[in-house]
>>> print(open('structure.cif').read())   # mmCIF, C-alpha atoms
data_entry
loop_
_atom_site.group_PDB
_atom_site.id
_atom_site.type_symbol
_atom_site.label_atom_id
_atom_site.label_comp_id
_atom_site.auth_asym_id
_atom_site.auth_seq_id
_atom_site.Cartn_x
_atom_site.Cartn_y
_atom_site.Cartn_z
ATOM 1 C CA MET A 453 10.682 18.304 -45.388
ATOM 2 C CA GLN A 454 8.923 17.646 -42.114
ATOM 3 C CA PRO A 455 7.837 14.016 -41.734
ATOM 4 C CA THR A 456 4.339 12.810 -41.028
ATOM 5 C CA PHE A 457 4.144 10.537 -37.993
ATOM 6 C CA VAL A 458 1.628 7.731 -38.583
ATOM 7 C CA LEU A 459 0.584 6.282 -35.212
ATOM 8 C CA VAL A 460 -0.740 2.716 -34.861
ATOM 9 C CA HIS A 461 -2.492 1.665 -31.669
ATOM 10 C CA GLY A 462 -2.355 -1.625 -29.787
ATOM 11 C CA ALA A 463 -4.970 -4.188 -28.773
ATOM 12 C CA PHE A 464 -8.371 -2.894 -27.595
ATOM 13 C CA ALA A 465 -7.142 0.659 -28.193
ATOM 14 C CA ASN A 466 -7.879 3.208 -30.920
ATOM 15 C CA SER A 467 -6.767 6.545 -32.294
ATOM 16 C CA PHE A 468 -8.213 8.351 -29.269
ATOM 17 C CA SER A 469 -5.332 7.208 -27.050
ATOM 18 C CA PHE A 470 -2.874 9.205 -29.162
ATOM 19 C CA ALA A 471 -4.581 12.586 -28.665
ATOM 20 C CA PRO A 472 -2.179 13.829 -25.930
ATOM 21 C CA LEU A 473 0.865 12.689 -27.936
ATOM 22 C CA GLN A 474 -0.461 14.366 -31.077
ATOM 23 C CA ALA A 475 -0.905 17.611 -29.151
ATOM 24 C CA GLU A 476 2.725 17.490 -28.029
ATOM 25 C CA LEU A 477 3.950 16.643 -31.519
ATOM 26 C CA GLY A 478 1.896 19.493 -32.942
ATOM 27 C CA LEU A 479 3.398 21.940 -30.480
ATOM 28 C CA LEU A 480 6.825 20.811 -31.680
ATOM 29 C CA GLY A 481 5.777 21.556 -35.260
ATOM 30 C CA HIS A 482 5.086 18.018 -36.480
ATOM 31 C CA ARG A 483 2.257 16.506 -38.514
ATOM 32 C CA SER A 484 0.751 13.293 -37.218
ATOM 33 C CA VAL A 485 -2.032 10.900 -38.161
ATOM 34 C CA ALA A 486 -3.548 8.515 -35.620
ATOM 35 C CA VAL A 487 -4.891 5.361 -37.266
ATOM 36 C CA ASP A 488 -8.017 3.418 -36.348
ATOM 37 C CA LEU A 489 -7.504 -0.134 -37.552
ATOM 38 C CA PRO A 490 -10.626 -1.934 -38.887
ATOM 39 C CA GLY A 491 -13.193 -2.474 -36.163
ATOM 40 C CA HIS A 492 -11.678 0.232 -33.969
ATOM 41 C CA GLY A 493 -12.620 3.775 -33.049
ATOM 42 C CA PHE A 494 -16.065 4.685 -34.341
ATOM 43 C CA GLN A 495 -16.217 1.307 -36.108
ATOM 44 C CA ALA A 496 -16.074 -0.501 -32.760
ATOM 45 C CA THR A 497 -19.008 -2.357 -31.230
ATOM 46 C CA PHE A 498 -20.340 -0.947 -27.965
ATOM 47 C CA THR A 499 -23.567 -2.747 -27.184
ATOM 48 C CA ARG A 500 -26.238 -1.641 -24.718
ATOM 49 C CA ALA A 501 -25.316 -4.775 -22.777
ATOM 50 C CA TYR A 502 -21.960 -3.070 -22.057
ATOM 51 C CA GLN A 503 -23.689 -0.100 -20.432
ATOM 52 C CA THR A 504 -24.812 0.102 -16.782
ATOM 53 C CA PRO A 505 -26.456 -1.948 -15.456
ATOM 54 C CA GLN A 506 -24.653 -4.495 -17.570
ATOM 55 C CA ASP A 507 -26.358 -7.470 -19.169
ATOM 56 C CA PRO A 508 -23.762 -10.289 -18.931
ATOM 57 C CA GLU A 509 -25.741 -12.667 -21.131
ATOM 58 C CA GLY A 510 -26.216 -10.051 -23.825
ATOM 59 C CA LEU A 511 -22.567 -9.035 -23.618
ATOM 60 C CA ALA A 512 -21.533 -12.653 -24.100
ATOM 61 C CA THR A 513 -23.642 -13.149 -27.227
ATOM 62 C CA ALA A 514 -23.911 -9.817 -29.067
ATOM 63 C CA PRO A 515 -22.062 -9.914 -32.408
ATOM 64 C CA GLY A 516 -19.051 -7.649 -32.878
ATOM 65 C CA SER A 517 -17.992 -5.745 -35.991
ATOM 66 C CA ILE A 518 -14.393 -6.884 -35.610
ATOM 67 C CA LYS A 519 -15.257 -10.560 -36.119
ATOM 68 C CA GLY A 520 -13.414 -11.882 -39.151
ATOM 69 C CA VAL A 521 -10.971 -8.972 -39.344
ATOM 70 C CA THR A 522 -7.530 -10.338 -40.189
ATOM 71 C CA LEU A 523 -3.988 -9.079 -39.918
ATOM 72 C CA ALA A 524 -4.041 -8.768 -43.711
ATOM 73 C CA ASP A 525 -7.049 -6.435 -43.404
ATOM 74 C CA ASN A 526 -5.196 -4.319 -40.849
ATOM 75 C CA ALA A 527 -2.077 -4.152 -43.010
ATOM 76 C CA ALA A 528 -4.036 -3.216 -46.126
ATOM 77 C CA HIS A 529 -5.825 -0.442 -44.240
ATOM 78 C CA LEU A 530 -2.542 0.899 -42.898
ATOM 79 C CA ILE A 531 -0.897 0.749 -46.319
ATOM 80 C CA GLY A 532 -3.697 2.888 -47.727
ATOM 81 C CA ILE A 533 -2.995 5.534 -45.085
ATOM 82 C CA LEU A 534 0.755 5.337 -45.682
ATOM 83 C CA GLU A 535 0.217 5.879 -49.403
ATOM 84 C CA ARG A 536 -1.727 9.067 -48.722
ATOM 85 C CA ALA A 537 0.754 10.321 -46.123
ATOM 86 C CA LYS A 538 3.721 9.671 -48.414
ATOM 87 C CA ARG A 539 2.366 12.185 -50.934
ATOM 88 C CA ASN A 540 3.253 14.923 -48.445
ATOM 89 C CA GLY A 541 6.832 13.856 -47.783
ATOM 90 C CA PRO A 542 8.699 11.495 -45.458
ATOM 91 C CA VAL A 543 6.728 9.086 -43.276
ATOM 92 C CA VAL A 544 7.633 7.797 -39.824
ATOM 93 C CA LEU A 545 5.526 4.796 -38.859
ATOM 94 C CA VAL A 546 5.128 4.513 -35.080
ATOM 95 C CA SER A 547 3.472 1.493 -33.487
ATOM 96 C CA HIS A 548 2.673 0.490 -29.929
ATOM 97 C CA SER A 549 2.148 -2.953 -28.426
ATOM 98 C CA ARG A 550 0.107 -5.247 -30.709
ATOM 99 C CA GLY A 551 0.148 -2.512 -33.345
ATOM 100 C CA GLY A 552 3.703 -3.568 -34.086
ATOM 101 C CA ILE A 553 2.398 -6.724 -35.754
ATOM 102 C CA THR A 554 0.420 -4.632 -38.242
ATOM 103 C CA ALA A 555 3.306 -2.213 -38.763
ATOM 104 C CA THR A 556 5.654 -5.106 -39.486
ATOM 105 C CA ALA A 557 3.230 -6.665 -41.983
ATOM 106 C CA ALA A 558 2.853 -3.330 -43.771
ATOM 107 C CA ALA A 559 6.622 -2.850 -43.828
ATOM 108 C CA ASN A 560 7.100 -6.328 -45.280
ATOM 109 C CA ALA A 561 4.720 -5.448 -48.099
ATOM 110 C CA ARG A 562 5.529 -1.777 -48.822
ATOM 111 C CA PRO A 563 8.901 -0.647 -47.458
ATOM 112 C CA ASP A 564 8.918 2.118 -50.058
ATOM 113 C CA LEU A 565 6.236 3.979 -48.107
ATOM 114 C CA ILE A 566 8.165 4.175 -44.817
ATOM 115 C CA ASP A 567 11.206 6.356 -44.147
ATOM 116 C CA ARG A 568 11.619 5.129 -40.574
ATOM 117 C CA ILE A 569 9.727 2.541 -38.545
ATOM 118 C CA VAL A 570 9.452 2.991 -34.782
ATOM 119 C CA TYR A 571 8.356 0.396 -32.249
ATOM 120 C CA VAL A 572 7.340 1.667 -28.808
ATOM 121 C CA SER A 573 7.352 -1.459 -26.640
ATOM 122 C CA ALA A 574 5.737 -3.112 -29.634
ATOM 123 C CA TRP A 575 5.706 -6.581 -31.122
ATOM 124 C CA CYS A 576 8.064 -7.196 -34.021
ATOM 125 C CA PRO A 577 8.214 -10.986 -34.328
ATOM 126 C CA VAL A 578 11.351 -12.354 -35.971
ATOM 127 C CA ARG A 579 12.060 -15.941 -34.923
ATOM 128 C CA LEU A 580 8.712 -16.959 -33.439
ATOM 129 C CA ASP A 581 5.047 -16.213 -33.924
ATOM 130 C CA VAL A 582 3.697 -13.783 -31.333
ATOM 131 C CA GLY A 583 1.771 -16.413 -29.398
ATOM 132 C CA ASP A 584 4.869 -18.589 -29.083
ATOM 133 C CA TYR A 585 6.857 -15.851 -27.365
ATOM 134 C CA TYR A 586 4.517 -16.181 -24.389
ATOM 135 C CA ALA A 587 6.077 -19.562 -23.620
ATOM 136 C CA GLU A 588 9.584 -18.084 -23.584
ATOM 137 C CA PRO A 589 11.530 -17.186 -20.394
ATOM 138 C CA GLU A 590 11.281 -13.439 -21.051
ATOM 139 C CA MET A 591 7.500 -13.628 -20.617
ATOM 140 C CA ALA A 592 7.528 -15.868 -17.544
ATOM 141 C CA GLY A 593 6.231 -13.070 -15.325
ATOM 142 C CA VAL A 594 3.247 -12.305 -17.567
ATOM 143 C CA ASP A 595 0.131 -14.296 -16.702
ATOM 144 C CA PRO A 596 -2.554 -14.094 -19.420
ATOM 145 C CA ALA A 597 -4.901 -15.954 -17.052
ATOM 146 C CA ALA A 598 -4.929 -12.875 -14.817
ATOM 147 C CA PHE A 599 -7.438 -11.353 -17.244
ATOM 148 C CA ALA A 600 -9.671 -14.404 -17.427
ATOM 149 C CA SER A 601 -12.165 -13.005 -14.920
ATOM 150 C CA ALA A 602 -12.818 -10.047 -17.226
ATOM 151 C CA LEU A 603 -13.449 -12.100 -20.362
ATOM 152 C CA ALA A 604 -17.052 -11.475 -21.350
ATOM 153 C CA ALA A 605 -17.414 -14.482 -23.630
ATOM 154 C CA ASN A 606 -15.709 -17.509 -25.073
ATOM 155 C CA PRO A 607 -13.587 -16.217 -27.994
ATOM 156 C CA ALA A 608 -14.302 -19.383 -29.973
ATOM 157 C CA ASP A 609 -18.036 -18.747 -29.718
ATOM 158 C CA LEU A 610 -17.937 -15.045 -30.634
ATOM 159 C CA GLY A 611 -15.073 -15.208 -33.127
ATOM 160 C CA LEU A 612 -13.308 -12.354 -31.340
ATOM 161 C CA LEU A 613 -11.797 -11.383 -28.004
ATOM 162 C CA ARG A 614 -14.256 -9.534 -25.747
ATOM 163 C CA VAL A 615 -13.091 -8.112 -22.422
ATOM 164 C CA ASN A 616 -15.319 -6.304 -19.953
ATOM 165 C CA PHE A 617 -13.188 -3.262 -19.180
ATOM 166 C CA ARG A 618 -16.132 -1.786 -17.263
ATOM 167 C CA THR A 619 -15.992 -4.570 -14.713
ATOM 168 C CA ALA A 620 -16.076 -3.720 -11.018
ATOM 169 C CA ASN A 621 -14.222 -6.923 -10.126
ATOM 170 C CA PRO A 622 -11.352 -5.722 -7.914
ATOM 171 C CA ASP A 623 -9.065 -8.609 -8.908
ATOM 172 C CA ALA A 624 -9.506 -7.866 -12.602
ATOM 173 C CA LEU A 625 -8.944 -4.142 -12.106
ATOM 174 C CA THR A 626 -5.809 -4.816 -10.078
ATOM 175 C CA ALA A 627 -4.516 -7.130 -12.806
ATOM 176 C CA PHE A 628 -5.171 -4.499 -15.481
ATOM 177 C CA LYS A 629 -3.446 -1.733 -13.536
ATOM 178 C CA THR A 630 -0.457 -3.900 -12.675
ATOM 179 C CA ALA A 631 0.007 -4.933 -16.286
ATOM 180 C CA PHE A 632 -0.611 -1.637 -18.036
ATOM 181 C CA PHE A 633 -0.306 1.397 -15.780
ATOM 182 C CA ALA A 634 1.177 0.568 -12.377
ATOM 183 C CA ASP A 635 2.866 3.977 -12.209
ATOM 184 C CA GLY A 636 -0.354 5.935 -12.836
ATOM 185 C CA THR A 637 -2.872 7.146 -10.326
ATOM 186 C CA ASP A 638 -6.112 5.229 -9.944
ATOM 187 C CA GLU A 639 -7.898 8.107 -11.658
ATOM 188 C CA GLN A 640 -5.497 8.097 -14.617
ATOM 189 C CA PHE A 641 -5.800 4.333 -14.891
ATOM 190 C CA LEU A 642 -9.607 4.378 -14.942
ATOM 191 C CA THR A 643 -9.614 7.233 -17.445
ATOM 192 C CA PHE A 644 -7.409 5.223 -19.787
ATOM 193 C CA LEU A 645 -9.441 2.064 -19.231
ATOM 194 C CA ASN A 646 -12.531 3.920 -20.384
ATOM 195 C CA THR A 647 -10.894 4.723 -23.726
ATOM 196 C CA PHE A 648 -10.509 1.001 -24.436
ATOM 197 C CA GLN A 649 -13.048 -0.863 -26.518
ATOM 198 C CA PRO A 650 -14.233 -4.328 -25.496
ATOM 199 C CA ASP A 651 -13.508 -6.210 -28.727
ATOM 200 C CA GLU A 652 -10.302 -7.233 -30.479
ATOM 201 C CA ASN A 653 -9.689 -9.523 -33.436
ATOM 202 C CA LEU A 654 -8.094 -12.941 -33.080
ATOM 203 C CA ASP A 655 -5.517 -12.874 -35.886
ATOM 204 C CA ALA A 656 -2.013 -12.152 -34.586
ATOM 205 C CA GLY A 657 -0.291 -13.451 -37.710
ATOM 206 C CA THR A 658 1.752 -16.477 -38.685
ATOM 207 C CA SER A 659 5.360 -17.169 -39.613
ATOM 208 C CA THR A 660 4.836 -15.449 -42.977
ATOM 209 C CA ASP A 661 4.072 -12.198 -41.138
ATOM 210 C CA ARG A 662 7.355 -12.044 -39.238
ATOM 211 C CA ALA A 663 9.896 -9.370 -40.140
ATOM 212 C CA GLN A 664 11.456 -10.040 -43.554
ATOM 213 C CA ALA A 665 15.073 -9.042 -44.143
ATOM 214 C CA ALA A 666 14.612 -8.164 -47.820
ATOM 215 C CA THR A 667 11.842 -5.620 -47.234
ATOM 216 C CA TRP A 668 11.264 -4.691 -43.592
ATOM 217 C CA GLY A 669 14.991 -5.036 -43.077
ATOM 218 C CA ARG A 670 15.963 -2.183 -45.357
ATOM 219 C CA ILE A 671 13.911 0.458 -43.492
ATOM 220 C CA PRO A 672 15.748 2.542 -40.865
ATOM 221 C CA LYS A 673 14.296 1.445 -37.531
ATOM 222 C CA THR A 674 14.063 2.602 -33.950
ATOM 223 C CA TYR A 675 12.966 0.710 -30.866
ATOM 224 C CA ILE A 676 11.817 2.784 -27.904
ATOM 225 C CA ARG A 677 12.051 0.625 -24.806
ATOM 226 C CA LEU A 678 9.617 1.237 -21.960
ATOM 227 C CA ALA A 679 11.708 0.489 -18.905
ATOM 228 C CA ASP A 680 8.885 -0.390 -16.505
ATOM 229 C CA ASP A 681 6.538 -2.231 -18.865
ATOM 230 C CA ALA A 682 4.954 -5.263 -17.170
ATOM 231 C CA SER A 683 2.856 -6.496 -20.103
ATOM 232 C CA LEU A 684 5.724 -6.529 -22.625
ATOM 233 C CA PRO A 685 8.676 -6.898 -20.240
ATOM 234 C CA LEU A 686 11.980 -5.199 -20.899
ATOM 235 C CA ALA A 687 13.668 -8.582 -21.343
ATOM 236 C CA LEU A 688 11.276 -9.412 -24.179
ATOM 237 C CA GLN A 689 11.700 -5.969 -25.735
ATOM 238 C CA ASP A 690 15.472 -6.503 -25.677
ATOM 239 C CA ARG A 691 15.074 -9.931 -27.247
ATOM 240 C CA LEU A 692 13.021 -8.486 -30.105
ATOM 241 C CA ILE A 693 15.711 -5.844 -30.627
ATOM 242 C CA ARG A 694 18.449 -8.473 -30.601
ATOM 243 C CA GLU A 695 16.625 -10.731 -33.049
ATOM 244 C CA GLY A 696 15.942 -7.810 -35.377
ATOM 245 C CA ASP A 697 19.600 -6.810 -35.326
ATOM 246 C CA GLU A 698 20.655 -10.391 -36.049
ATOM 247 C CA LEU A 699 18.275 -10.472 -39.023
ATOM 248 C CA THR A 700 19.688 -7.240 -40.471
ATOM 249 C CA PRO A 701 23.140 -6.669 -38.938
ATOM 250 C CA ASP A 702 23.905 -3.867 -41.398
ATOM 251 C CA ASN A 703 20.763 -2.012 -40.338
ATOM 252 C CA PRO A 704 20.474 -2.319 -36.554
ATOM 253 C CA TYR A 705 17.880 -0.653 -34.376
ATOM 254 C CA ASP A 706 18.458 2.835 -33.068
ATOM 255 C CA VAL A 707 17.521 2.118 -29.449
ATOM 256 C CA ARG A 708 16.020 4.649 -27.059
ATOM 257 C CA THR A 709 14.566 4.191 -23.562
ATOM 258 C CA LEU A 710 11.756 5.928 -21.733
ATOM 259 C CA ALA A 711 10.871 5.419 -18.086
ATOM 260 C CA GLY A 712 7.413 4.155 -17.313
ATOM 261 C CA SER A 713 4.790 1.488 -17.863
ATOM 262 C CA HIS A 714 3.008 0.289 -20.987
ATOM 263 C CA LEU A 715 0.633 3.284 -21.002
ATOM 264 C CA LYS A 716 2.558 5.991 -19.116
ATOM 265 C CA TRP A 717 4.150 7.387 -22.288
ATOM 266 C CA LEU A 718 0.689 8.079 -23.721
ATOM 267 C CA ALA A 719 -0.701 9.727 -20.596
ATOM 268 C CA ASP A 720 2.473 11.794 -20.090
ATOM 269 C CA PRO A 721 3.600 12.178 -23.708
ATOM 270 C CA ALA A 722 6.095 15.059 -23.644
ATOM 271 C CA PRO A 723 9.214 12.834 -23.310
ATOM 272 C CA ALA A 724 8.017 10.550 -26.094
ATOM 273 C CA ALA A 725 7.221 13.493 -28.363
ATOM 274 C CA ARG A 726 10.718 14.907 -27.817
ATOM 275 C CA THR A 727 12.259 11.524 -28.562
ATOM 276 C CA LEU A 728 10.276 11.159 -31.778
ATOM 277 C CA SER A 729 11.134 14.691 -32.864
ATOM 278 C CA GLU A 730 14.860 13.903 -32.511
ATOM 279 C CA LEU A 731 14.809 10.936 -34.907
ATOM 280 C CA ARG A 732 16.872 11.265 -38.052
ATOM 281 C CA ILE A 733 15.063 11.045 -41.373
ATOM 282 C CA ASP A 734 17.427 10.423 -44.306
#
>>> encode(input="structure.cif", output="structure tokens")
Amino acid sequence: MQPTFVLVHGAFANSFSFAPLQAELGLLGHRSVAVDLPGHGFQATFTRAYQTPQDPEGLATAPGSIKGVTLADNAAHLIGILERAKRNGPVVLVSHSRGGITATAAANARPDLIDRIVYVSAWCPVRLDVGDYYAEPEMAGVDPAAFASALAANPADLGLLRVNFRTANPDALTAFKTAFFADGTDEQFLTFLNTFQPDENLDAGTSTDRAQAATWGRIPKTYIRLADDASLPLALQDRLIREGDELTPDNPYDVRTLAGSHLKWLADPAPAARTLSELRID
């Protein structure tokens, strides 16, 4: 039976970013479902203060629907989708970037719903919590402070992360492009930036949400490395692969590599679609 690919987006993203990939998968004869995690997609908050001309004070104080959303909420939502998809046959769970945290939590809880789990330059914490990896040598070249000028509010005050992706600040735009889409044209970069939503939740999980050998560890797994990713560097991707293999040495990652930045595979999805279509489903 043909599998259903369930696609989980990263931070500040939504199901919309998977449209080109879904088109390619469809043309190869595959079903796919792009997930909107709670507070994303049409559940996201886009205030009038975010429009032009922007109202910085309003943007800094307007409440956001994603406030209070937890990793457990994300995992529960994803599990509900996996349950429905599984009724139609095998399921391949594909996550990108921060979406890997949710995919891992769901796999810890319900490995029976997943026939293969795929991480595309995605977080799969094993030995450390996600935030702690930022202090490790593999992330030395990533400067979270580079985005500080685009923060629209104090996260502690709003109870969420709010980033002004519609900023005209040239330093912020350069930092975004360098981190996410250095190999895209300026037009492609701005197009992608305009699919982002300003708000993201604060819960990136704790030690209990790391990959668990007894559950997550029994699912066949693939890691698709993005060779030119500057926001989740190749050295960190390789460390996550290595730690996952050490956790489950009898079930190592099937490792693939695509050229390109953090977002290139979504804007030019044909190679990724071919790679996904080649995966073995037992």
>>> resolve_selection(input="structure.cif", expression="the PyMOL selection byres ((chain A and resi 624-634) around 10)", output="JSON, numbers by chain")
{"A": [594, 595, 596, 597, 598, 599, 600, 601, 602, 603, 616, 617, 618, 619, 620, 621, 622, 623, 635, 636, 637, 638, 640, 641, 642, 644, 645, 680, 681, 682, 683, 684, 685, 712, 713, 714, 715, 716, 717, 719]}
>>> write_last_selection(input="structure.cif", atoms="C-alpha atoms", output="compact mmCIF listing (two decimals), in the frame of the given file")
# COMPACT_ATOMS: atom_id res chain seq x y z
CA VAL A 594 3.25 -12.30 -17.57
CA ASP A 595 0.13 -14.30 -16.70
CA PRO A 596 -2.55 -14.09 -19.42
CA ALA A 597 -4.90 -15.95 -17.05
CA ALA A 598 -4.93 -12.88 -14.82
CA PHE A 599 -7.44 -11.35 -17.24
CA ALA A 600 -9.67 -14.40 -17.43
CA SER A 601 -12.16 -13.00 -14.92
CA ALA A 602 -12.82 -10.05 -17.23
CA LEU A 603 -13.45 -12.10 -20.36
CA ASN A 616 -15.32 -6.30 -19.95
CA PHE A 617 -13.19 -3.26 -19.18
CA ARG A 618 -16.13 -1.79 -17.26
CA THR A 619 -15.99 -4.57 -14.71
CA ALA A 620 -16.08 -3.72 -11.02
CA ASN A 621 -14.22 -6.92 -10.13
CA PRO A 622 -11.35 -5.72 -7.91
CA ASP A 623 -9.06 -8.61 -8.91
CA ASP A 635 2.87 3.98 -12.21
CA GLY A 636 -0.35 5.94 -12.84
CA THR A 637 -2.87 7.15 -10.33
CA ASP A 638 -6.11 5.23 -9.94
CA GLN A 640 -5.50 8.10 -14.62
CA PHE A 641 -5.80 4.33 -14.89
CA LEU A 642 -9.61 4.38 -14.94
CA PHE A 644 -7.41 5.22 -19.79
CA LEU A 645 -9.44 2.06 -19.23
CA ASP A 680 8.88 -0.39 -16.50
CA ASP A 681 6.54 -2.23 -18.86
CA ALA A 682 4.95 -5.26 -17.17
CA SER A 683 2.86 -6.50 -20.10
CA LEU A 684 5.72 -6.53 -22.62
CA PRO A 685 8.68 -6.90 -20.24
CA GLY A 712 7.41 4.16 -17.31
CA SER A 713 4.79 1.49 -17.86
CA HIS A 714 3.01 0.29 -20.99
CA LEU A 715 0.63 3.28 -21.00
CA LYS A 716 2.56 5.99 -19.12
CA TRP A 717 4.15 7.39 -22.29
CA ALA A 719 -0.70 9.73 -20.60
>>> resolve_selection(input="structure.cif", expression="the PyMOL selection byres ((chain A and resi 722) around 10)", output="mmCIF file with C-alpha atoms, in the coordinates of the input")
data_model
loop_
_atom_site.group_PDB
_atom_site.id
_atom_site.type_symbol
_atom_site.label_atom_id
_atom_site.label_comp_id
_atom_site.auth_asym_id
_atom_site.auth_seq_id
_atom_site.Cartn_x
_atom_site.Cartn_y
_atom_site.Cartn_z
ATOM 1 C CA PRO A 472 -2.179 13.829 -25.930
ATOM 2 C CA LEU A 473 0.865 12.689 -27.936
ATOM 3 C CA GLN A 474 -0.461 14.366 -31.077
ATOM 4 C CA ALA A 475 -0.905 17.611 -29.151
ATOM 5 C CA GLU A 476 2.725 17.490 -28.029
ATOM 6 C CA LEU A 477 3.950 16.643 -31.519
ATOM 7 C CA LEU A 480 6.825 20.811 -31.680
ATOM 8 C CA TRP A 717 4.150 7.387 -22.288
ATOM 9 C CA LEU A 718 0.689 8.079 -23.721
ATOM 10 C CA ALA A 719 -0.701 9.727 -20.596
ATOM 11 C CA ASP A 720 2.473 11.794 -20.090
ATOM 12 C CA PRO A 721 3.600 12.178 -23.708
ATOM 13 C CA PRO A 723 9.214 12.834 -23.310
ATOM 14 C CA ALA A 724 8.017 10.550 -26.094
ATOM 15 C CA ALA A 725 7.221 13.493 -28.363
ATOM 16 C CA ARG A 726 10.718 14.907 -27.817
ATOM 17 C CA THR A 727 12.259 11.524 -28.562
ATOM 18 C CA LEU A 728 10.276 11.159 -31.778
#
>>> resolve_selection(input="structure.cif", expression="the PyMOL selection byres ((chain A and resi 490) around 10)", output="list in words")
Asn466, Val487, Asp488, Leu489, Gly491, His492, Gly493, Phe494, Gln495, Ala496, Ser517, Ile518, Val521, Thr522, Leu523, Asp525, Asn526, Ala527, Ala528, His529, Leu530, Glu652 and Asn653 of chain A
>>> atom_distance(input="structure.cif", atom1="CA of Ser467 (chain A)", atom2="CA of Val544 (chain A)")
16.3 Å
>>> closest_residue(input="structure.cif", among="A:Ala561, A:Ala537, A:Ala514, A:Leu699", to="Leu610 (chain A)", atoms="only C-alpha atoms")
A:Ala514
>>> axis_aligned_box(input="structure.cif", around="region 564-567 of chain A", padding_each_side="5 Å", output="JSON")
{"center_x": 8.7, "center_y": 4.2, "center_z": -47.1, "size_x": 15.0, "size_y": 14.2, "size_z": 15.9}
>>> residues_around(input="structure.cif", residues="Trp668 (chain A)", least_positions_apart="4", cutoff="6 Å", atoms="all atoms listed in the file", output="ChimeraX atom specification")
/A:559-560,663-664
>>> closest_residue(input="structure.cif", among="A:Ile531, A:Phe470, A:Arg550, A:Val460", to="Thr647 (chain A)", atoms="all atoms listed in the file")
A:Phe470
>>> atom_distance(input="structure.cif", atom1="CA of Ser659 (chain A)", atom2="CA of Asp584 (chain A)")
10.6 Å
>>> residues_around(input="structure.cif", residues="Ala574 (chain A)", least_positions_apart="5", cutoff="12 Å", atoms="only C-alpha atoms", output="tab-separated table (two decimals) with C-alpha atoms, in the coordinates of the input")
chain	number	residue	atom	x	y	z
A	460	VAL	CA	-0.74	2.72	-34.86
A	461	HIS	CA	-2.49	1.66	-31.67
A	462	GLY	CA	-2.36	-1.62	-29.79
A	463	ALA	CA	-4.97	-4.19	-28.77
A	546	VAL	CA	5.13	4.51	-35.08
A	547	SER	CA	3.47	1.49	-33.49
A	548	HIS	CA	2.67	0.49	-29.93
A	549	SER	CA	2.15	-2.95	-28.43
A	550	ARG	CA	0.11	-5.25	-30.71
A	551	GLY	CA	0.15	-2.51	-33.34
A	552	GLY	CA	3.70	-3.57	-34.09
A	553	ILE	CA	2.40	-6.72	-35.75
A	554	THR	CA	0.42	-4.63	-38.24
A	555	ALA	CA	3.31	-2.21	-38.76
A	556	THR	CA	5.65	-5.11	-39.49
A	569	ILE	CA	9.73	2.54	-38.54
A	582	VAL	CA	3.70	-13.78	-31.33
A	674	THR	CA	14.06	2.60	-33.95
A	675	TYR	CA	12.97	0.71	-30.87
A	676	ILE	CA	11.82	2.78	-27.90
A	677	ARG	CA	12.05	0.62	-24.81
A	678	LEU	CA	9.62	1.24	-21.96
A	681	ASP	CA	6.54	-2.23	-18.86
A	683	SER	CA	2.86	-6.50	-20.10
A	684	LEU	CA	5.72	-6.53	-22.62
A	685	PRO	CA	8.68	-6.90	-20.24
A	686	LEU	CA	11.98	-5.20	-20.90
A	688	LEU	CA	11.28	-9.41	-24.18
A	689	GLN	CA	11.70	-5.97	-25.74
A	690	ASP	CA	15.47	-6.50	-25.68
A	691	ARG	CA	15.07	-9.93	-27.25
A	692	LEU	CA	13.02	-8.49	-30.10
A	693	ILE	CA	15.71	-5.84	-30.63
A	714	HIS	CA	3.01	0.29	-20.99
A	715	LEU	CA	0.63	3.28	-21.00
>>> closest_residue(input="structure.cif", among="A:Ser484, A:Thr456, A:Ser729, A:Arg614", to="Gln649 (chain A)", atoms="only C-alpha atoms")
A:Arg614
>>> atom_distance(input="structure.cif", atom1="CA of Thr709 (chain A)", atom2="CA of Thr667 (chain A)")
25.8 Å
>>> closest_residue(input="structure.cif", among="A:Phe648, A:Ala679, A:Val570, A:Ala687", to="Tyr705 (chain A)", atoms="all atoms listed in the file")
A:Val570
>>> closest_residue(input="structure.cif", among="A:Ala592, A:Arg579, A:Arg732, A:Thr504", to="Glu695 (chain A)", atoms="all atoms listed in the file")
A:Arg579
>>> closest_residue(input="structure.cif", among="A:Lys519, A:Arg708, A:Arg500, A:His482", to="Leu654 (chain A)", atoms="all atoms listed in the file")
A:Lys519
>>> residues_near_point(input="structure.cif", point="(-25.4, -5.2, -19.2)", cutoff="12 Å", atoms="all atoms listed in the file", output="MDAnalysis selection string")
chainID A and resid 498:514 604 616 618:619
>>> write_last_selection(input="structure.cif", atoms="C-alpha atoms", output="JSON list (two decimals), in the coordinates of the input")
[["chain", "number", "residue", "atom", "x", "y", "z"],
["A", 498, "PHE", "CA", -20.34, -0.95, -27.96],
["A", 499, "THR", "CA", -23.57, -2.75, -27.18],
["A", 500, "ARG", "CA", -26.24, -1.64, -24.72],
["A", 501, "ALA", "CA", -25.32, -4.78, -22.78],
["A", 502, "TYR", "CA", -21.96, -3.07, -22.06],
["A", 503, "GLN", "CA", -23.69, -0.10, -20.43],
["A", 504, "THR", "CA", -24.81, 0.10, -16.78],
["A", 505, "PRO", "CA", -26.46, -1.95, -15.46],
["A", 506, "GLN", "CA", -24.65, -4.50, -17.57],
["A", 507, "ASP", "CA", -26.36, -7.47, -19.17],
["A", 508, "PRO", "CA", -23.76, -10.29, -18.93],
["A", 509, "GLU", "CA", -25.74, -12.67, -21.13],
["A", 510, "GLY", "CA", -26.22, -10.05, -23.82],
["A", 511, "LEU", "CA", -22.57, -9.04, -23.62],
["A", 512, "ALA", "CA", -21.53, -12.65, -24.10],
["A", 513, "THR", "CA", -23.64, -13.15, -27.23],
["A", 514, "ALA", "CA", -23.91, -9.82, -29.07],
["A", 604, "ALA", "CA", -17.05, -11.48, -21.35],
["A", 616, "ASN", "CA", -15.32, -6.30, -19.95],
["A", 618, "ARG", "CA", -16.13, -1.79, -17.26],
["A", 619, "THR", "CA", -15.99, -4.57, -14.71]]
